[in-house]
file coords_18.txt (compact mmCIF, C-alpha atoms and all ligand atoms)
# COMPACT_ATOMS: atom_id res chain seq x y z
CA MET D 194 250.39 108.50 -0.83
CA ARG D 195 252.13 111.66 -1.97
CA ALA D 196 250.51 114.01 -4.49
CA ARG D 197 252.82 115.83 -6.88
CA LYS D 198 253.09 117.17 -10.39
CA ALA D 199 254.17 114.56 -12.92
CA ARG D 200 257.72 114.39 -14.28
CA ARG D 201 258.85 113.17 -17.69
CA ALA D 202 260.07 109.94 -16.10
CA ASP D 203 256.45 109.20 -15.08
CA ALA D 204 255.18 109.07 -18.68
CA GLY D 205 255.50 105.26 -18.95
CA ALA D 206 253.64 104.61 -15.69
CA ILE D 207 250.90 107.11 -16.62
CA HIS D 208 250.59 105.48 -20.02
CA ARG D 209 250.16 102.03 -18.43
CA LEU D 210 247.44 103.29 -16.09
CA ILE D 211 245.47 104.97 -18.87
CA THR D 212 245.93 102.07 -21.29
CA HIS D 213 244.58 99.60 -18.70
CA TYR D 214 241.27 101.49 -18.45
CA ALA D 215 241.16 102.48 -22.13
CA ALA D 216 241.10 98.74 -22.92
CA GLN D 217 237.92 98.54 -20.82
CA GLY D 218 236.39 101.52 -22.62
CA LEU D 219 236.50 103.62 -19.43
CA LEU D 220 239.06 106.19 -20.62
CA LEU D 221 240.15 107.55 -23.97
CA PRO D 222 243.51 106.07 -24.98
CA ARG D 223 246.56 108.37 -24.88
CA GLY D 224 249.85 107.65 -26.58
CA GLU D 225 253.03 107.58 -24.50
CA GLU D 226 254.61 110.24 -26.71
CA GLU D 227 251.59 112.50 -26.26
CA ILE D 228 251.76 112.00 -22.48
CA HIS D 229 255.48 112.75 -22.53
CA ARG D 230 254.84 115.93 -24.53
CA ASP D 231 251.96 117.02 -22.26
CA ILE D 232 253.54 115.87 -19.01
CA GLY D 233 252.95 119.36 -17.55
CA HIS D 234 249.20 118.63 -17.56
CA PHE D 235 249.49 115.63 -15.27
CA LEU D 236 249.24 115.28 -11.51
CA VAL D 237 250.10 111.96 -9.88
CA LEU D 238 250.00 110.12 -6.59
CA GLU D 239 253.12 108.24 -5.66
CA GLU D 240 253.50 105.46 -3.10
CA LYS D 241 256.82 103.81 -2.26
CA GLY D 242 258.36 105.41 -5.33
CA GLN D 243 255.65 104.10 -7.69
CA VAL D 244 253.09 106.21 -9.54
CA THR D 245 249.75 104.70 -8.49
CA SER D 246 247.27 107.15 -10.01
CA CYS D 247 247.08 110.09 -12.36
CA VAL D 248 244.87 112.87 -13.62
CA ALA D 249 245.35 115.51 -16.31
CA LEU D 250 244.32 119.14 -16.05
CA GLU D 251 243.97 120.44 -19.59
CA SER D 252 243.60 124.16 -20.19
CA TYR D 253 240.83 125.71 -22.30
CA GLY D 254 241.96 129.32 -22.02
CA PRO D 255 242.71 131.25 -18.84
CA THR D 256 239.55 130.43 -16.89
CA LEU D 257 238.46 126.94 -17.92
CA ALA D 258 240.17 123.55 -17.65
CA GLU D 259 239.21 119.94 -18.22
CA VAL D 260 239.85 117.14 -15.75
CA ARG D 261 240.65 114.06 -17.82
CA SER D 262 242.51 110.74 -17.80
CA LEU D 263 241.69 110.11 -14.14
CA ALA D 264 243.01 106.63 -13.34
CA VAL D 265 243.80 104.80 -10.11
CA ASP D 266 245.86 101.62 -10.16
CA PRO D 267 243.38 98.68 -9.85
CA GLY D 268 245.03 97.52 -6.61
CA ASN D 269 244.57 100.94 -5.04
CA ARG D 270 240.95 101.67 -5.94
CA GLY D 271 238.65 102.51 -3.05
CA ARG D 272 241.48 103.92 -0.91
CA SER D 273 240.61 107.58 -1.68
CA ALA D 274 243.35 108.06 -4.30
CA GLY D 275 240.81 109.28 -6.87
CA SER D 276 239.34 111.70 -4.34
CA GLN D 277 242.80 113.00 -3.40
CA LEU D 278 243.63 113.62 -7.05
CA ILE D 279 240.40 115.55 -7.62
CA GLU D 280 241.17 117.71 -4.56
CA PHE D 281 244.71 118.24 -5.89
CA ALA D 282 243.26 119.22 -9.28
CA PHE D 283 241.03 121.79 -7.55
CA ALA D 284 244.00 123.18 -5.62
CA GLU D 285 246.12 123.39 -8.75
CA ALA D 286 243.27 125.00 -10.71
CA ARG D 287 242.80 127.58 -7.94
CA ARG D 288 246.54 128.30 -7.98
CA ARG D 289 246.39 128.88 -11.76
CA GLY D 290 243.33 131.15 -11.49
CA VAL D 291 241.04 128.70 -13.30
CA ALA D 292 237.39 129.61 -12.66
CA GLN D 293 235.74 126.34 -13.65
CA LEU D 294 236.67 122.71 -14.11
CA PHE D 295 234.72 120.31 -16.29
CA ALA D 296 234.89 116.66 -17.19
CA VAL D 297 233.23 114.44 -19.76
CA THR D 298 232.88 111.09 -18.09
CA HIS D 299 231.06 107.79 -17.75
CA ALA D 300 231.30 108.22 -13.96
CA PRO D 301 229.40 111.47 -13.24
CA GLU D 302 228.39 110.25 -9.77
CA PHE D 303 232.03 110.11 -8.71
CA PHE D 304 232.53 113.73 -9.82
CA GLN D 305 229.28 114.83 -8.18
CA ARG D 306 230.68 113.61 -4.86
CA HIS D 307 233.36 116.25 -5.36
CA GLY D 308 231.21 119.30 -6.10
CA PHE D 309 230.61 118.85 -9.83
CA GLU D 310 227.14 119.29 -11.31
CA GLY D 311 225.71 117.76 -14.44
CA VAL D 312 225.78 119.87 -17.57
CA ARG D 313 224.64 119.17 -21.13
CA ARG D 314 227.66 117.93 -23.03
CA GLN D 315 226.67 120.09 -25.99
CA SER D 316 227.00 123.20 -23.82
CA LEU D 317 230.73 122.49 -23.39
CA LEU D 318 231.29 124.07 -26.77
CA GLN D 319 235.07 124.28 -26.67
CA LYS D 320 235.30 120.58 -25.77
CA THR D 321 232.88 119.46 -28.46
CA GLU D 322 234.72 121.59 -31.01
CA ARG D 323 238.10 120.20 -29.97
CA ASP D 324 237.35 116.49 -29.49
CA CYS D 325 233.77 115.44 -30.26
CA ARG D 326 233.20 116.81 -33.73
CA ALA D 327 235.57 114.35 -35.37
CA CYS D 328 234.91 111.44 -33.00
CA PRO D 329 233.46 108.37 -34.77
CA LYS D 330 231.50 107.46 -31.60
CA ARG D 331 229.82 110.85 -31.22
CA ARG D 332 226.31 109.73 -32.17
CA ALA D 333 226.33 106.81 -29.74
CA CYS D 334 228.34 108.58 -27.04
CA LYS D 335 227.16 107.86 -23.48
CA LEU D 336 229.59 110.21 -21.75
CA VAL D 337 228.14 112.85 -19.45
CA GLY D 338 229.34 116.43 -18.89
CA VAL D 339 229.99 117.70 -15.36
CA ILE D 340 231.24 121.10 -14.26
CA ALA D 341 232.39 122.69 -11.00
CA THR D 342 233.18 126.21 -9.94
CA VAL D 343 236.65 126.84 -8.56
CA ILE D 344 236.77 130.66 -8.36
CA PRO D 345 233.29 132.23 -8.63
CA GLU D 346 234.64 135.77 -9.03
CA ARG D 347 236.36 134.81 -12.25
CA ILE D 348 233.24 133.56 -14.00
CA ALA D 349 231.98 136.35 -16.26
CA VAL D 350 228.41 135.05 -16.54
CA PRO D 351 227.73 132.39 -13.92
CA ALA D 352 225.71 129.73 -15.71
CA LEU D 353 225.59 127.34 -12.80
CA GLY D 354 225.43 127.55 -9.03
CA VAL D 355 228.59 127.39 -6.97
CA PRO D 356 229.02 124.02 -5.31
CA ALA D 357 228.95 124.91 -1.62
CA ARG D 358 231.85 122.69 -0.61
CA HIS D 359 234.38 124.42 -2.84
CA ALA D 360 232.96 127.92 -2.55
CA ALA D 361 233.49 127.63 1.21
CA ALA D 362 237.17 126.91 0.68
CA LEU D 363 237.81 130.09 -1.30
C1 LIG D 401 236.79 106.29 -10.63
C2 LIG D 401 238.11 106.24 -9.87
C3 LIG D 401 239.05 107.34 -10.33
C4 LIG D 401 237.79 106.42 -8.36
O1 LIG D 401 239.01 106.40 -7.63
P1 LIG D 401 239.10 105.63 -6.24
O2 LIG D 401 240.41 105.93 -5.63
O3 LIG D 401 238.74 104.20 -6.45
O4 LIG D 401 237.90 106.32 -5.43
P2 LIG D 401 237.94 106.86 -3.91
O5 LIG D 401 238.52 105.80 -3.04
O6 LIG D 401 238.52 108.20 -3.85
O7 LIG D 401 236.39 106.99 -3.65
C5 LIG D 401 235.67 105.83 -3.46
C6 LIG D 401 234.19 106.16 -3.51
O8 LIG D 401 233.86 106.59 -4.84
C7 LIG D 401 232.90 105.73 -5.39
N1 LIG D 401 233.20 105.47 -6.78
C8 LIG D 401 234.31 104.89 -7.27
N2 LIG D 401 234.22 104.78 -8.61
C9 LIG D 401 233.02 105.29 -8.95
C10 LIG D 401 232.34 105.44 -10.18
N3 LIG D 401 232.89 105.02 -11.35
N4 LIG D 401 231.12 106.03 -10.17
C11 LIG D 401 230.56 106.43 -9.00
N5 LIG D 401 231.16 106.30 -7.80
C12 LIG D 401 232.37 105.73 -7.78
C13 LIG D 401 233.01 104.43 -4.59
O9 LIG D 401 231.77 103.73 -4.60
C14 LIG D 401 233.38 104.91 -3.22
O10 LIG D 401 232.22 105.28 -2.51
P3 LIG D 401 232.10 105.04 -0.90
O11 LIG D 401 233.22 105.87 -0.27
O12 LIG D 401 230.73 105.55 -0.57
O13 LIG D 401 232.30 103.59 -0.71
C15 LIG D 401 238.84 104.86 -10.02
O14 LIG D 401 238.00 103.86 -9.57
C16 LIG D 401 239.30 104.56 -11.43
O15 LIG D 401 240.46 104.75 -11.77
N6 LIG D 401 238.39 104.04 -12.27
C17 LIG D 401 238.73 103.63 -13.63
C18 LIG D 401 238.94 104.82 -14.55
C19 LIG D 401 237.77 105.77 -14.48
O16 LIG D 401 236.62 105.34 -14.49
N7 LIG D 401 238.07 107.08 -14.38
C20 LIG D 401 237.06 108.10 -14.15
C21 LIG D 401 236.31 108.41 -15.35
S1 LIG D 401 236.96 109.83 -16.20
call {"tool": "encode", "arguments": {"input": "coords_18.txt", "output": "structure tokens", "more": "lines below"}}
Ligand SMILES: CC(C)(COP(=O)(O)OP(=O)(O)OC[C@H]1O[C@@H](n2cnc3c(N)ncnc32)[C@H](O)[C@@H]1OP(=O)(O)O)[C@@H](O)C(=O)NCCC(=O)NCCS
result
Amino acid sequence: MRARKARRADAGAIHRLITHYAAQGLLLPRGEEEIHRDIGHFLVLEEKGQVTSCVALESYGPTLAEVRSLAVDPGNRGRSAGSQLIEFAFAEARRRGVAQLFAVTHAPEFFQRHGFEGVRRQSLLQKTERDCRACPKRRACKLVGVIATVIPERIAVPALGVPARHAAAL
């Protein structure tokens, strides 16, 4: 499996992956046009010329980014593709000088395996302002916030501890 940044030609494959899990209520749906427009956010894994998994790294200013739309092709689950993409997202975030990564997810345990810690969703103010305020499901929402430190020195007021695994890699 080869990790790389997504290209415009990947938009259809990324859309299929996300749509598959959106139909199960595991991911928020994304339109193909939106993916095409935001293709610079996406990282993918490719195997034998096929995109088999994707993740998006969405910026919230210079020091914060969201990990979203993480999807591994059903036939490839459990083969560490998801883990590889999270590691790639950390590497890319570090390269961009992003201090912290967060996610809002139904699978917090998966993220916790990769150095994220639980955080109250309401404390992710920029996210709730951007996406949750107008969401019809907000009152019944079961999604959980998780956050990880990428570059401790760039956090103005550290609110959370630095996950040891990633701090060691800095
Ligand atoms: C969650 C997901 C990205 C994991 O990717 P993956 O390639 O299957 O996972 P990996 O092979 O890297 O890691 C497998 C390990 O993670 C664990 N894991 C997988 N999905 C998990 C989940 N939803 N919650 C908790 N742990 C999970 C597995 O039990 C396995 O543990 P083990 O190594 O002790 O057996 C993938 O299953 C997926 O696309 N799921 C549907 C979409 C989704 O839920 N996205 C994440 C929410 S934003």
call {"tool": "residues_around", "arguments": {"input": "coords_18.txt", "residues": "D:Ala215", "least_positions_apart": "6", "cutoff": "10 Å", "atoms": "only C-alpha atoms", "output": "compact mmCIF listing (two decimals) with C-alpha atoms, in the coordinates of the input"}}
result
# COMPACT_ATOMS: atom_id res chain seq x y z
CA ARG D 209 250.16 102.03 -18.43
CA LEU D 221 240.15 107.55 -23.97
CA PRO D 222 243.51 106.07 -24.98
CA ARG D 223 246.56 108.37 -24.88
CA SER D 262 242.51 110.74 -17.80
CA ALA D 264 243.01 106.63 -13.34
call {"tool": "residues_around", "arguments": {"input": "coords_18.txt", "residues": "D:His299", "least_positions_apart": "6", "cutoff": "10 Å", "atoms": "only C-alpha atoms", "output": "number ranges by chain"}}
result
D: 218-220, 334-338
call {"tool": "axis_aligned_box", "arguments": {"input": "coords_18.txt", "around": "ligand LIG 401 (chain D)", "padding_each_side": "5 Å", "output": "AutoDock Vina command-line options"}}
result
--center_x 235.5 --center_y 106.7 --center_z -8.2 --size_x 19.9 --size_y 16.2 --size_z 25.9
call {"tool": "residues_near_ligand", "arguments": {"input": "coords_18.txt", "ligand": "ligand LIG 401 (chain D)", "cutoff": "10 Å", "atoms": "only C-alpha atoms and all ligand atoms", "output": "number ranges by chain"}}
result
D: 210-211, 213-215, 217-221, 245-248, 260-280, 296-307, 336-337
call {"tool": "atom_distance", "arguments": {"input": "coords_18.txt", "atom1": "atom CA of D:Phe235", "atom2": "atom CA of D:Ala249"}}
result
4.3 Å
call {"tool": "closest_residue", "arguments": {"input": "coords_18.txt", "among": "D:Ala216, D:Ile340, D:Gln293, D:Ile228", "to": "D:Arg313", "atoms": "only C-alpha atoms"}}
result
D:Ile340
call {"tool": "residues_near_point", "arguments": {"input": "coords_18.txt", "point": "(242.8, 126.7, -15.4)", "cutoff": "7 Å", "atoms": "only C-alpha atoms", "output": "PyMOL selection string"}}
result
chain D and resi 252+255-258+286+289-292
call {"tool": "closest_residue", "arguments": {"input": "coords_18.txt", "among": "D:Arg287, D:Arg332, D:Arg326, D:His208", "to": "D:Pro345", "atoms": "all atoms listed in the file"}}
result
D:Arg287
call {"tool": "residues_around", "arguments": {"input": "coords_18.txt", "residues": "D:Arg331", "least_positions_apart": "5", "cutoff": "12 Å", "atoms": "all atoms listed in the file", "output": "list in words"}}
result
Arg314, Gln315, Thr321, Glu322, Asp324, Cys325, Arg326 and Leu336 of chain D
